[in-house]
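Here's the structure, in structure tokens; my notes come after.
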Amino acid sequence: MSDGEGSMSGADGPVTDDVGADDALLVLTAMLLTPARFPGVLGDDYPAACAALALEPYEEGYGLVLGQDGEGARWTVVVEDASRVAVAIAAWDCGMEHDLSPDERSMVCALPGWPMDLAVSAPGVPDPHDPETDGEGPAPLVPPDAEAWGPPQRRLGADEIAAQWSVWREQLDDAQVLRPGAGAGPGSDDAGKRADDASAAVRHPGVRRALSEAAAYTKAPPPPGRIRSSYASAEARTLRVDGPGWSMVARTDDIALFLLDEEPGTVIPVGRGAALPGLLTALDALAVHPM
């Protein structure tokens, strides 16, 4: 599952009178929508992700509960109780059962459709389908086309790499990794200078642009969620950084992987050298960290 997402089997109880004919949502999965954790498929940063769902980007964030009603229709229920959703996700990730039946008072809205494809469906109801809305209310949410390539697919791919870093890292041969030059010395405090040195040494124009724009973040911080940091190991973090046309996944103790809009389905690795570590450290200092 991607960052901020957990899944379960089975179903939960009633959520809202607006969801389906039998007033019940059969919960399939849940995701967090907070500045620190949100489905990258929705946007480059937290405000953009909220805007995709017509939500205000409150600092406390939301929980997204995805399921089907009694007729099998897809629904995404937005709740204010992000902490409860986080507890449920943590329990499911540990293989534990955990009921997620949000109080109706915490519900913000129920949106038809799902923003992402799910590999599971609720038992005992028709196959997942968009609800009949008679043209009223918001259009159903639609997962990105798996056969196409663009910003949503690129960000979704980066989310998956971040969630399975070790699997992707093992597939890389050292000869595939672009090598930045020596750059500034390790004692330099100028993260932007180190990043400029790295981008100048990398010949791929799209990666050079991404490194340069990432370095610019250290001088003019971007919107919340554009840089996210999550636990990797005792002394390392996993970074997810996005910009116009590019996504980066990196470990602060390892290399960086780039995905670009102009290179469909391609993952471009960039080695550490002397330049990348300083940039990653500076970006991590700016990142929104999960509580």
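Going through the structure tokens in order, the chains are called A, B, and so on, while each chain numbers its residues from 1 and the ligands are numbered from 1 in the order shown.
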
Compile the contact shell of Gly225 (chain A) as JSON, numbers by chain: residues with an atom at most 12 Å away, counting only C-alpha atoms, same-chain residues fewer than 6 positions apart removed.
{"A": [33, 34, 35, 36, 37, 38, 39, 40, 42, 43, 44, 45, 46, 47, 48, 49, 50, 57, 59, 61, 239, 240, 241, 242, 243, 283, 284, 286, 287, 288, 289, 290]}

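Proximity ranking of A:Met107, A:Ala122, A:Leu172, A:Leu259 relative to Asp81 (chain A) places A:Met107 first, based on only C-alpha atoms.
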
Which one is closest to Pro144 (chain A): A:Val41, A:Ile227, A:Ala282, A:Val79? Count only C-alpha atoms.
A:Val41

Determine which residues of region 6-238 of chain A receive a DSSP assignment of strand (DSSP E), computed from the backbone, and state them as a PyMOL selection string.
chain A and resi 6-7+26-33+62-68+74-79+107-112+227-233+236-238

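The smallest atom-to-atom distance between Met248 (chain A) and any of A:Gln68, A:Arg155, A:Pro221, A:Gly135, using only C-alpha atoms, is found for A:Arg155.
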
Backbone-only DSSP, alpha helix (DSSP H) members of region 140-289 of chain A, as a count of residues only
54

To one decimal place in Å, what is the distance between CA of Pro143 (chain A) and CA of Leu32 (chain A)?
16.9 Å

Nearest residue to Phe258 (chain A) out of A:Gly150, A:Gly245, A:Pro112, A:Gly273, using only C-alpha atoms?
A:Gly245

Between A:Val78, A:Ile255, A:Val249, A:Ile89, which is the closest to Asp159 (chain A) once you count only C-alpha atoms?
A:Val249

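Note that the spacing between CA of Met116 (chain A) and CA of Leu257 (chain A) amounts to 23.0 Å.
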
Find the residue from A:Ala275, A:Ala24, A:Leu111, A:Val77 that sits nearest to Ala215 (chain A); use only C-alpha atoms when measuring.
A:Ala275
